Structure formats: structure tokens, C-alpha cells
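Below is upload.txt, which holds compact mmCIF, C-alpha atoms.
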# COMPACT_ATOMS: atom_id res chain seq x y z
CA MET P 6 13.70 -31.38 -6.83
CA PRO P 7 11.50 -29.21 -4.57
CA THR P 8 11.19 -29.65 -0.82
CA TYR P 9 7.97 -29.69 1.13
CA ASP P 10 7.05 -29.27 4.78
CA TYR P 11 4.25 -31.28 6.36
CA LYS P 12 2.31 -30.91 9.60
CA CYS P 13 0.14 -33.52 11.27
CA GLN P 14 -3.41 -32.32 11.87
CA ASN P 15 -3.73 -34.85 14.72
CA CYS P 16 -0.57 -34.56 16.84
CA ASP P 17 1.00 -31.33 15.44
CA SER P 18 4.32 -33.03 14.63
CA GLU P 19 6.21 -31.55 11.69
CA LEU P 20 8.26 -32.96 8.84
CA ASN P 21 10.58 -30.42 7.24
CA ASP P 22 12.40 -30.31 3.90
CA ILE P 23 11.00 -33.51 2.38
CA TYR P 24 12.39 -33.89 -1.15
CA GLN P 25 9.65 -34.84 -3.60
CA SER P 26 9.02 -34.49 -7.30
CA PHE P 27 6.06 -32.44 -8.49
CA LYS P 28 4.59 -35.71 -9.74
CA ASP P 29 4.84 -37.49 -6.37
CA GLU P 30 1.74 -37.98 -4.25
CA ALA P 31 1.62 -35.91 -1.05
CA LEU P 32 2.48 -37.80 2.13
CA VAL P 33 -0.49 -38.59 4.37
CA LYS P 34 0.67 -40.98 7.11
CA CYS P 35 2.24 -39.38 10.18
CA SER P 36 5.34 -41.20 11.44
CA SER P 37 4.66 -40.01 15.03
CA CYS P 38 1.01 -40.96 15.61
CA GLY P 39 0.46 -43.31 12.66
CA LYS P 40 -2.72 -41.55 11.49
CA ASN P 41 -3.39 -40.42 7.90
CA SER P 42 -3.50 -36.76 8.89
CA LEU P 43 -0.44 -35.11 7.31
CA ALA P 44 -1.00 -31.94 5.30
CA ARG P 45 1.47 -29.90 3.26
CA VAL P 46 2.34 -26.54 4.75
CA ILE P 47 1.83 -23.85 2.11
CA TYR P 48 4.01 -20.75 2.43
CA GLY P 49 5.72 -18.07 0.34
CA GLY P 50 6.80 -18.35 -3.26
CA LEU P 51 3.53 -17.15 -4.80
CA GLY P 52 5.27 -15.04 -7.45
CA CYS P 53 6.76 -18.08 -9.19
CA PHE P 54 3.31 -19.62 -9.72
CA VAL P 55 1.66 -16.56 -11.27
CA LYS P 56 1.76 -16.30 -15.06
CA ASP P 57 4.27 -13.79 -16.50
CA VAL P 58 5.38 -12.53 -13.07
CA LYS P 59 9.02 -12.76 -12.11
CA THR P 60 9.26 -10.44 -9.11
CA ILE P 61 7.15 -9.37 -6.15
CA GLY P 62 7.10 -5.85 -7.59
CA GLN P 63 5.56 -7.11 -10.83
CA LEU P 64 2.95 -9.04 -8.84
CA ALA P 65 2.11 -5.88 -6.86
CA ASP P 66 1.81 -3.86 -10.08
CA ASN P 67 -0.52 -6.46 -11.59
CA ASN P 68 -2.68 -6.53 -8.46
CA TYR P 69 -2.84 -2.72 -8.43
CA LYS P 70 -3.97 -2.66 -12.08
CA LYS P 71 -6.72 -5.19 -11.35
CA MET P 72 -8.02 -3.10 -8.43
CA GLY P 73 -11.13 -1.03 -8.98
CA SER P 74 -10.69 2.69 -9.62
CA TYR P 75 -12.40 3.56 -6.32
CA LYS P 76 -9.91 1.50 -4.29
CA ARG P 77 -6.95 2.89 -6.27
CA SER P 78 -8.14 6.47 -5.62
CA GLU P 79 -8.35 5.71 -1.86
CA ILE P 80 -4.75 4.48 -1.88
CA GLU P 81 -3.51 7.52 -3.82
CA GLU P 82 -5.43 9.86 -1.49
CA SER P 83 -3.87 8.29 1.61
CA LYS P 84 -0.38 8.66 0.06
CA THR P 85 -1.05 12.36 -0.61
CA LYS P 86 -2.20 12.93 2.98
CA GLU P 87 0.96 11.30 4.32
CA ASN P 88 3.17 13.59 2.22
CA THR P 89 1.38 16.82 3.21
CA GLN P 90 1.57 16.31 6.98
CA PRO P 91 4.03 18.63 8.76
CA GLN P 92 7.41 17.06 9.35
CA TYR P 93 8.80 17.87 12.75
CA GLY P 94 12.52 17.79 13.32
CA LYS P 95 13.47 18.33 9.68
CA ALA P 96 15.74 21.35 9.94
CA SER P 97 18.31 21.85 7.23
CA SER P 98 22.01 21.70 8.01
CA LYS P 99 22.20 25.48 7.45
CA GLN P 100 19.53 26.06 10.08
CA ILE P 101 21.25 23.73 12.55
CA ASN P 102 24.63 25.42 12.00
CA LYS P 103 23.09 28.82 12.83
CA MET P 104 21.70 27.55 16.17
CA ASN P 105 23.43 28.20 19.47
CA SER P 106 23.97 25.30 21.88
CA GLU P 107 20.69 25.91 23.74
CA GLN P 108 18.70 25.97 20.50
CA LYS P 109 20.39 22.76 19.34
CA LYS P 110 19.56 21.11 22.67
CA LYS P 111 15.90 22.18 22.30
CA TYR P 112 15.87 20.92 18.71
CA ILE P 113 17.25 17.52 19.72
CA ILE P 114 14.72 17.12 22.55
CA THR P 115 11.57 18.55 20.94
CA GLY P 116 12.27 18.59 17.22
CA GLU P 117 11.30 22.26 17.11
CA THR P 118 13.57 24.96 15.68
Using C-alpha cells, write down the structure that the file contains.
Amino acid sequence: MPTYDYKCQNCDSELNDIYQSFKDEALVKCSSCGKNSLARVIYGGLGCFVKDVKTIGQLADNNYKKMGSYKRSEIEESKTKENTQPQYGKASSKQINKMNSEQKKKYIITGET
């Protein structure tokens, strides 16, 4: 049986982990203020309600496929730009082993070889 969280729209009190069947009516009366102002708190779990999707990765793939070609090309272009930017402080172990202690100190502080 699933659990639901509720929040009162009037007094902001919360009810957490209320066990209810899918068929049960949502609660409406707040036990704190007595008003009919409870609302279910909706959060997470979207992947289990989407047809033929079992993981977040599959949901992301489906959303990407549904995107227009212009938006997809913008995303791909931004990924390419990120990969072509110079990477500072990425010396190989061979380069680091050839450095003297002063060069290593400079490399650690500035990232420059």
C-alpha cells in the first residue's frame, strides 16, 4: 500500500507517511485547524508513472528524442565547447616525475607546468 504526505494550505501542518490505497479518497480535513484544506504533497517517482520507462536514464533518453532538432543541436554544441576548453593542471605522471621540487610546487599552486 502506498504512503502519502499531506500539507494543510491553511495552517501549514504536515501529515507524513499516511498509508492509503490508490482507490481511497484523498484526505481533506486538517487535524490541527479543523479546516478542509489538506492537499497531497507531490514529489519524486515520476519514472514509475511514465509508460514503458523503468529508469531515470530511459526517461531522459525519451525526453531527448522528443526535443526539437534545434534544441538538441544546442545541447551537443555546448558539450563540444566544454570538451575543447584548455584543461589546466592536467600534467601526466611522466611530466610530474621529470619536475624538480620547485616546478612541482609551482604546478601544485598554479596548475601550470
task = Compute the distance from (11.2, -27.9, -5.0) to each atom, counting only C-alpha atoms, keep the residues with any atom at most 10 Å away, and return them as a VMD selection string; use the coordinates of the file.
result = chain P and resid 6 to 9 22 to 27
Exercise for review: One decimal, Å: what's the distance from CA of Asn41 (chain P) over to CA of Asp10 (chain P), could you say?
Suggested key: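 Distance reported for this atom pair: 15.6 Å.
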A straight line from CA of Glu79 (chain P) to CA of Ile61 (chain P) spans 22.0 Å
What gap, in Å, lies between CA of Ala44 (chain P) and CA of Leu20 (chain P)?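 Taking CA of Ala44 (chain P) as the start and CA of Leu20 (chain P) as the end point, the length is 10.0 Å.
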Can you work out which one of P:Cys16, P:Met104, P:Ile114, P:Leu64 has the shortest atom-to-atom distance to Lys34 (chain P), counting all atoms listed in the file?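 Nearest to Lys34 (chain P): P:Cys16.
Shell of region 109-113 of chain P at 12 Å, with only C-alpha atoms counted and residues fewer than 2 places along the chain excluded, is Tyr93, Gly94, Lys95, Ala96, Ser97, Ser98, Gln100, Ile101, Asn102, Lys103, Met104, Asn105, Ser106, Glu107, Thr115, Gly116, Glu117 and Thr118 of chain P.
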Q: Place a sphere of radius 9 Å on (2.3, -37.3, 15.8) in the file coordinates and name every protein, DNA or RNA residue with an atom inside or on its surface, counting all atoms listed in the file; give the answer as a count of residues only.
A: 14
Please write out, as JSON, where the centre of an axis-aligned box around all listed atoms of region 71-79 of chain P lies and how long its edges are, in Å to one decimal, after adding 6 Å on each side.
{"center_x": -9.6, "center_y": 0.6, "center_z": -6.6, "size_x": 17.7, "size_y": 23.7, "size_z": 21.5}
